[in-house]
>>> print(open('my_file.csv').read())   # CSV, C-alpha atoms
chain,number,residue,atom,x,y,z
A,1,MET,CA,-23.3,23.3,37.5
A,2,ASN,CA,-23.2,27.1,37.3
A,3,PRO,CA,-26.7,28.5,36.5
A,4,GLN,CA,-25.0,30.8,33.9
A,5,SER,CA,-23.6,27.7,32.0
A,6,PRO,CA,-24.5,27.1,28.4
A,7,ASP,CA,-27.9,25.6,29.4
A,8,ALA,CA,-28.9,29.1,30.6
A,9,ALA,CA,-28.3,30.5,27.1
A,10,PRO,CA,-31.4,31.2,24.9
A,11,ASP,CA,-30.0,28.8,22.2
A,12,PHE,CA,-29.9,25.8,24.6
A,13,ASP,CA,-32.1,23.1,23.0
A,14,LEU,CA,-34.3,21.9,25.9
A,15,ARG,CA,-36.2,19.5,23.7
A,16,ALA,CA,-33.0,17.8,22.5
A,17,TYR,CA,-31.7,17.6,26.0
A,18,LEU,CA,-34.8,16.0,27.5
A,19,LEU,CA,-35.4,13.5,24.6
A,20,GLY,CA,-34.7,9.9,25.8
A,21,SER,CA,-35.0,7.8,28.8
A,22,TRP,CA,-34.3,8.7,32.4
A,23,VAL,CA,-34.4,7.1,35.9
A,24,VAL,CA,-36.1,9.2,38.6
A,25,GLU,CA,-35.8,9.2,42.3
A,26,ARG,CA,-38.1,11.4,44.2
A,27,SER,CA,-38.3,12.2,47.9
A,28,LEU,CA,-41.7,13.0,49.3
A,29,LEU,CA,-42.2,15.0,52.5
A,30,ASP,CA,-45.7,15.8,53.9
A,31,LEU,CA,-44.7,18.7,56.2
A,32,SER,CA,-48.1,18.9,57.8
A,33,ALA,CA,-48.2,15.2,58.9
A,34,GLY,CA,-44.4,14.8,59.2
A,35,THR,CA,-44.5,11.7,57.0
A,36,ARG,CA,-41.9,10.7,54.3
A,37,GLY,CA,-42.1,8.7,51.1
A,38,THR,CA,-40.3,7.9,48.0
A,39,PHE,CA,-41.0,7.4,44.3
A,40,THR,CA,-38.6,5.4,42.1
A,41,GLY,CA,-39.1,4.8,38.4
A,42,VAL,CA,-38.4,5.7,34.8
A,43,VAL,CA,-39.3,8.7,32.7
A,44,GLY,CA,-39.5,8.8,29.0
A,45,PHE,CA,-39.5,11.9,26.9
A,46,THR,CA,-40.6,10.9,23.4
A,47,ALA,CA,-41.2,12.9,20.2
A,48,ALA,CA,-44.8,13.9,19.8
A,49,ASP,CA,-46.4,13.5,16.4
A,50,ASP,CA,-46.7,17.2,15.7
A,51,ASP,CA,-44.9,20.6,15.9
A,52,GLY,CA,-41.8,19.7,18.0
A,53,GLY,CA,-43.6,18.7,21.2
A,54,LEU,CA,-42.6,15.9,23.6
A,55,ARG,CA,-44.6,13.3,25.4
A,56,PHE,CA,-43.6,12.8,29.1
A,57,ARG,CA,-44.4,9.4,30.7
A,58,GLU,CA,-43.4,8.5,34.2
A,59,GLU,CA,-44.0,5.2,35.9
A,60,GLY,CA,-42.7,3.5,39.0
A,61,THR,CA,-43.4,2.7,42.6
A,62,VAL,CA,-44.4,5.1,45.3
A,63,SER,CA,-43.9,4.2,49.0
A,64,TRP,CA,-45.1,6.1,52.1
A,65,ALA,CA,-44.2,5.3,55.6
A,66,SER,CA,-47.7,6.4,56.6
A,67,VAL,CA,-50.4,7.2,54.0
A,68,PRO,CA,-51.0,11.0,53.8
A,69,GLY,CA,-54.5,11.6,55.1
A,70,GLY,CA,-54.9,8.0,56.2
A,71,PRO,CA,-54.8,6.3,59.5
A,72,ALA,CA,-51.5,6.9,61.4
A,73,GLY,CA,-48.9,4.3,60.9
A,74,THR,CA,-50.4,2.7,57.8
A,75,PRO,CA,-47.6,2.2,55.2
A,76,PHE,CA,-48.4,2.2,51.5
A,77,THR,CA,-46.4,0.9,48.5
A,78,GLY,CA,-47.9,0.7,45.0
A,79,PRO,CA,-47.6,1.6,41.3
A,80,ALA,CA,-47.8,5.2,40.2
A,81,SER,CA,-47.7,6.8,36.7
A,82,ARG,CA,-48.5,10.1,35.0
A,83,GLU,CA,-48.3,11.7,31.6
A,84,TYR,CA,-47.9,15.2,30.3
A,85,LEU,CA,-47.4,16.9,26.9
A,86,LEU,CA,-44.6,19.4,26.4
A,87,GLN,CA,-45.0,22.0,23.6
A,88,PRO,CA,-42.4,24.5,22.2
A,89,THR,CA,-42.7,28.1,23.4
A,90,GLY,CA,-40.9,29.8,20.5
A,91,ALA,CA,-37.6,29.8,22.5
A,92,PRO,CA,-35.5,26.7,22.3
A,93,ASP,CA,-34.6,26.8,26.0
A,94,THR,CA,-38.1,26.5,27.4
A,95,MET,CA,-41.2,24.3,26.9
A,96,ASP,CA,-44.7,24.5,28.2
A,97,MET,CA,-46.1,21.5,30.0
A,98,PHE,CA,-49.8,20.5,29.7
A,99,PHE,CA,-52.0,17.9,31.3
A,100,PRO,CA,-53.2,15.1,29.0
A,101,ASP,CA,-56.5,16.8,28.6
A,102,GLY,CA,-54.8,20.0,27.3
A,103,ARG,CA,-55.0,22.2,30.4
A,104,PRO,CA,-51.8,24.2,31.0
A,105,PHE,CA,-49.6,23.1,33.8
A,106,HIS,CA,-46.3,25.1,33.9
A,107,ARG,CA,-43.2,26.1,32.0
A,108,ILE,CA,-40.0,24.1,32.2
A,109,GLY,CA,-36.5,25.6,31.6
A,110,PHE,CA,-33.1,25.8,33.2
A,111,GLY,CA,-32.2,29.5,32.6
A,112,PRO,CA,-32.1,32.2,35.3
A,113,ARG,CA,-35.6,33.5,34.3
A,114,SER,CA,-37.2,30.2,33.2
A,115,SER,CA,-36.1,27.8,36.0
A,116,GLN,CA,-39.0,28.7,38.3
A,117,ASP,CA,-42.7,28.6,37.7
A,118,GLN,CA,-45.9,27.9,39.6
A,119,HIS,CA,-49.3,26.4,39.1
A,120,TRP,CA,-52.5,27.2,41.0
A,121,CYS,CA,-54.6,24.1,41.8
A,122,ASP,CA,-57.4,25.4,44.0
A,123,PRO,CA,-56.9,25.8,46.9
A,124,ASP,CA,-53.2,25.1,46.8
A,125,VAL,CA,-50.2,26.7,45.0
A,126,TYR,CA,-47.5,24.5,43.4
A,127,ARG,CA,-44.1,26.2,43.0
A,128,VAL,CA,-41.4,24.4,40.9
A,129,SER,CA,-37.7,25.1,40.5
A,130,TYR,CA,-35.6,23.3,37.9
A,131,THR,CA,-31.8,22.8,38.0
A,132,ARG,CA,-29.6,21.2,35.4
A,133,THR,CA,-26.8,19.5,37.4
A,134,GLY,CA,-24.9,18.0,34.5
A,135,PRO,CA,-25.2,16.9,30.8
A,136,ASP,CA,-27.1,13.8,31.8
A,137,ASP,CA,-28.9,14.8,35.0
A,138,PHE,CA,-31.2,17.4,36.4
A,139,ARG,CA,-33.5,17.9,39.4
A,140,TYR,CA,-36.7,19.7,40.2
A,141,GLU,CA,-38.4,20.5,43.4
A,142,TRP,CA,-42.1,21.2,44.0
A,143,ASP,CA,-43.1,23.2,47.1
A,144,VAL,CA,-46.9,22.7,47.5
A,145,THR,CA,-48.6,25.0,50.0
A,146,GLY,CA,-52.1,25.8,50.9
A,147,PRO,CA,-54.9,24.8,53.2
A,148,ALA,CA,-55.1,21.3,51.7
A,149,LYS,CA,-51.4,20.4,51.2
A,150,ASP,CA,-48.0,21.2,52.6
A,151,LEU,CA,-45.6,19.1,50.6
A,152,LEU,CA,-42.0,19.2,49.4
A,153,LEU,CA,-41.3,16.9,46.5
A,154,THR,CA,-37.7,16.6,45.2
A,155,SER,CA,-37.0,14.7,42.0
A,156,VAL,CA,-33.6,13.7,40.6
A,157,LEU,CA,-33.4,12.4,37.0
A,158,ARG,CA,-30.4,10.7,35.4
A,159,ARG,CA,-30.3,9.8,31.7
A,160,THR,CA,-30.2,6.1,30.8
A,161,ASN,CA,-30.1,6.7,27.0
A,162,LYS,CA,-30.5,9.6,24.6
A,163,ALA,CA,-33.2,9.1,21.9
A,164,ALA,CA,-32.6,10.2,18.3
A,165,ALA,CA,-34.3,13.4,17.4
>>> encode(input="my_file.csv", output="structure tokens")
Amino acid sequence: MNPQSPDAAPDFDLRAYLLGSWVVERSLLDLSAGTRGTFTGVVGFTAADDDGGLRFREEGTVSWASVPGGPAGTPFTGPASREYLLQPTGAPDTMDMFFPDGRPFHRIGFGPRSSQDQHWCDPDVYRVSYTRTGPDDFRYEWDVTGPAKDLLLTSVLRRTNKAAA
């Protein structure tokens, strides 16, 4: 999809686009150790009780060929989940993402100026890039660098159903 498509317009309704259920496939690459992993699961964006926000809930299974930071050659497979809260920014084409405890995380958007953001998590920097690839799919990539981590995490989400606003 062309980055200058309608989703890049300031009147693109990001909240309406995200609302619903998605499947997620994520590739995990620990560049420092040369190990690979995957995450497969589901993501739900549901309406928050107040002011136009969304709740983000992801759950699934993570698998590593070799546990990062663990003994070499020790595979790992197990459940994984996470939650965030997305809040309106005043512009319909972006939302701010927060950790469950209210700490700011980053901004999400698909426009030319809103598709990239970063988060400092001492001592590492998390850089994210979002791309809307179609009306029912998008991807985002985290490039995590610093003295503690060197990761590339690429997620592809595909809609399973659209929720009512």
>>> residues_around(input="my_file.csv", residues="Arg139 of chain A", least_positions_apart="4", cutoff="8 Å", atoms="all atoms listed in the file", output="list in words")
Tyr130, Thr131, Arg132, Thr133, Thr154, Ser155, Val156 and Leu157 of chain A
>>> residues_near_point(input="my_file.csv", point="(-38.6, 4.7, 53.9)", cutoff="12 Å", atoms="all atoms listed in the file", output="tab-separated table (two decimals) with C-alpha atoms, in the coordinates of the input")
chain	number	residue	atom	x	y	z
A	26	ARG	CA	-38.10	11.40	44.20
A	27	SER	CA	-38.30	12.20	47.90
A	28	LEU	CA	-41.70	13.00	49.30
A	29	LEU	CA	-42.20	15.00	52.50
A	35	THR	CA	-44.50	11.70	57.00
A	36	ARG	CA	-41.90	10.70	54.30
A	37	GLY	CA	-42.10	8.70	51.10
A	38	THR	CA	-40.30	7.90	48.00
A	39	PHE	CA	-41.00	7.40	44.30
A	40	THR	CA	-38.60	5.40	42.10
A	62	VAL	CA	-44.40	5.10	45.30
A	63	SER	CA	-43.90	4.20	49.00
A	64	TRP	CA	-45.10	6.10	52.10
A	65	ALA	CA	-44.20	5.30	55.60
A	66	SER	CA	-47.70	6.40	56.60
A	75	PRO	CA	-47.60	2.20	55.20
A	76	PHE	CA	-48.40	2.20	51.50
A	77	THR	CA	-46.40	0.90	48.50
>>> atom_distance(input="my_file.csv", atom1="atom CA of Glu58 of chain A", atom2="atom CA of Phe12 of chain A")
24.0 Å
>>> residues_around(input="my_file.csv", residues="Asp124 of chain A", least_positions_apart="5", cutoff="9 Å", atoms="all atoms listed in the file", output="PyMOL selection string")
chain A and resi 119+144-150
>>> closest_residue(input="my_file.csv", among="A:Leu86, A:Val23, A:Leu151, A:Ala91", to="Glu59 of chain A", atoms="only C-alpha atoms")
A:Val23
>>> closest_residue(input="my_file.csv", among="A:Asp137, A:Thr61, A:Pro123, A:Ser129", to="Ile108 of chain A", atoms="only C-alpha atoms")
A:Ser129
>>> closest_residue(input="my_file.csv", among="A:Phe45, A:Asp93, A:Gln87, A:Ala80", to="Arg113 of chain A", atoms="only C-alpha atoms")
A:Asp93
>>> build_atoms(input="my_file.csv", residues="segment 10-43 of chain A", atoms="N, CA and C atoms", output="mmCIF file, keeping the file's coordinate frame")
data_model
loop_
_atom_site.group_PDB
_atom_site.id
_atom_site.type_symbol
_atom_site.label_atom_id
_atom_site.label_comp_id
_atom_site.auth_asym_id
_atom_site.auth_seq_id
_atom_site.Cartn_x
_atom_site.Cartn_y
_atom_site.Cartn_z
ATOM 1 N N PRO A 10 -30.099 31.338 25.624
ATOM 2 C CA PRO A 10 -31.400 31.200 24.900
ATOM 3 C C PRO A 10 -31.298 30.206 23.748
ATOM 4 N N ASP A 11 -30.097 29.802 23.325
ATOM 5 C CA ASP A 11 -30.000 28.800 22.200
ATOM 6 C C ASP A 11 -29.854 27.392 22.728
ATOM 7 N N PHE A 12 -29.923 27.181 24.060
ATOM 8 C CA PHE A 12 -29.900 25.800 24.600
ATOM 9 C C PHE A 12 -31.136 25.088 24.132
ATOM 10 N N ASP A 13 -30.971 23.897 23.578
ATOM 11 C CA ASP A 13 -32.100 23.100 23.000
ATOM 12 C C ASP A 13 -32.653 22.188 24.078
ATOM 13 N N LEU A 14 -33.654 22.661 24.798
ATOM 14 C CA LEU A 14 -34.300 21.900 25.900
ATOM 15 C C LEU A 14 -34.879 20.599 25.366
ATOM 16 N N ARG A 15 -35.549 20.655 24.226
ATOM 17 C CA ARG A 15 -36.200 19.500 23.700
ATOM 18 C C ARG A 15 -35.153 18.373 23.400
ATOM 19 N N ALA A 16 -34.042 18.731 22.773
ATOM 20 C CA ALA A 16 -33.000 17.800 22.500
ATOM 21 C C ALA A 16 -32.392 17.204 23.772
ATOM 22 N N TYR A 17 -32.238 18.056 24.767
ATOM 23 C CA TYR A 17 -31.700 17.600 26.000
ATOM 24 C C TYR A 17 -32.579 16.597 26.726
ATOM 25 N N LEU A 18 -33.885 16.841 26.743
ATOM 26 C CA LEU A 18 -34.800 16.000 27.500
ATOM 27 C C LEU A 18 -35.088 14.650 26.724
ATOM 28 N N LEU A 19 -35.069 14.662 25.409
ATOM 29 C CA LEU A 19 -35.400 13.500 24.600
ATOM 30 C C LEU A 19 -34.665 12.259 25.018
ATOM 31 N N GLY A 20 -35.375 11.191 25.375
ATOM 32 C CA GLY A 20 -34.700 9.900 25.800
ATOM 33 C C GLY A 20 -35.320 9.376 27.040
ATOM 34 N N SER A 21 -34.577 8.459 27.648
ATOM 35 C CA SER A 21 -35.000 7.800 28.800
ATOM 36 C C SER A 21 -34.201 8.174 30.055
ATOM 37 N N TRP A 22 -34.876 8.270 31.185
ATOM 38 C CA TRP A 22 -34.300 8.700 32.400
ATOM 39 C C TRP A 22 -34.757 7.838 33.573
ATOM 40 N N VAL A 23 -33.951 7.702 34.606
ATOM 41 C CA VAL A 23 -34.400 7.100 35.900
ATOM 42 C C VAL A 23 -34.732 8.294 36.785
ATOM 43 N N VAL A 24 -35.712 8.105 37.640
ATOM 44 C CA VAL A 24 -36.100 9.200 38.600
ATOM 45 C C VAL A 24 -36.151 8.621 39.976
ATOM 46 N N GLU A 25 -35.638 9.415 40.890
ATOM 47 C CA GLU A 25 -35.800 9.200 42.300
ATOM 48 C C GLU A 25 -36.338 10.413 42.944
ATOM 49 N N ARG A 26 -37.433 10.239 43.670
ATOM 50 C CA ARG A 26 -38.100 11.400 44.200
ATOM 51 C C ARG A 26 -38.298 11.171 45.743
ATOM 52 N N SER A 27 -37.962 12.199 46.502
ATOM 53 C CA SER A 27 -38.300 12.200 47.900
ATOM 54 C C SER A 27 -39.553 12.958 48.142
ATOM 55 N N LEU A 28 -40.402 12.417 48.993
ATOM 56 C CA LEU A 28 -41.700 13.000 49.300
ATOM 57 C C LEU A 28 -41.762 13.344 50.757
ATOM 58 N N LEU A 29 -42.125 14.563 51.067
ATOM 59 C CA LEU A 29 -42.200 15.000 52.500
ATOM 60 C C LEU A 29 -43.553 15.704 52.650
ATOM 61 N N ASP A 30 -44.413 15.138 53.472
ATOM 62 C CA ASP A 30 -45.700 15.800 53.900
ATOM 63 C C ASP A 30 -45.352 16.543 55.149
ATOM 64 N N LEU A 31 -45.140 17.847 55.025
ATOM 65 C CA LEU A 31 -44.700 18.700 56.200
ATOM 66 C C LEU A 31 -45.810 18.763 57.236
ATOM 67 N N SER A 32 -47.067 18.749 56.827
ATOM 68 C CA SER A 32 -48.100 18.900 57.800
ATOM 69 C C SER A 32 -48.264 17.643 58.692
ATOM 70 N N ALA A 33 -48.033 16.462 58.110
ATOM 71 C CA ALA A 33 -48.200 15.200 58.900
ATOM 72 C C ALA A 33 -46.808 14.693 59.373
ATOM 73 N N GLY A 34 -45.710 15.253 58.831
ATOM 74 C CA GLY A 34 -44.400 14.800 59.200
ATOM 75 C C GLY A 34 -44.071 13.395 58.655
ATOM 76 N N THR A 35 -44.712 13.022 57.549
ATOM 77 C CA THR A 35 -44.500 11.700 57.000
ATOM 78 C C THR A 35 -43.593 11.834 55.710
ATOM 79 N N ARG A 36 -42.846 10.770 55.449
ATOM 80 C CA ARG A 36 -41.900 10.700 54.300
ATOM 81 C C ARG A 36 -42.306 9.588 53.379
ATOM 82 N N GLY A 37 -41.927 9.786 52.109
ATOM 83 C CA GLY A 37 -42.100 8.700 51.100
ATOM 84 C C GLY A 37 -41.094 8.841 50.034
ATOM 85 N N THR A 38 -41.167 7.905 49.096
ATOM 86 C CA THR A 38 -40.300 7.900 48.000
ATOM 87 C C THR A 38 -41.030 7.488 46.716
ATOM 88 N N PHE A 39 -40.497 7.886 45.581
ATOM 89 C CA PHE A 39 -41.000 7.400 44.300
ATOM 90 C C PHE A 39 -39.709 7.035 43.515
ATOM 91 N N THR A 40 -39.654 5.835 42.948
ATOM 92 C CA THR A 40 -38.600 5.400 42.100
ATOM 93 C C THR A 40 -39.170 4.886 40.800
ATOM 94 N N GLY A 41 -38.564 5.237 39.673
ATOM 95 C CA GLY A 41 -39.100 4.800 38.400
ATOM 96 C C GLY A 41 -38.342 5.250 37.225
ATOM 97 N N VAL A 42 -39.039 5.303 36.105
ATOM 98 C CA VAL A 42 -38.400 5.700 34.800
ATOM 99 C C VAL A 42 -39.306 6.815 34.224
ATOM 100 N N VAL A 43 -38.647 7.683 33.469
ATOM 101 C CA VAL A 43 -39.300 8.700 32.700
ATOM 102 C C VAL A 43 -38.863 8.639 31.286
#
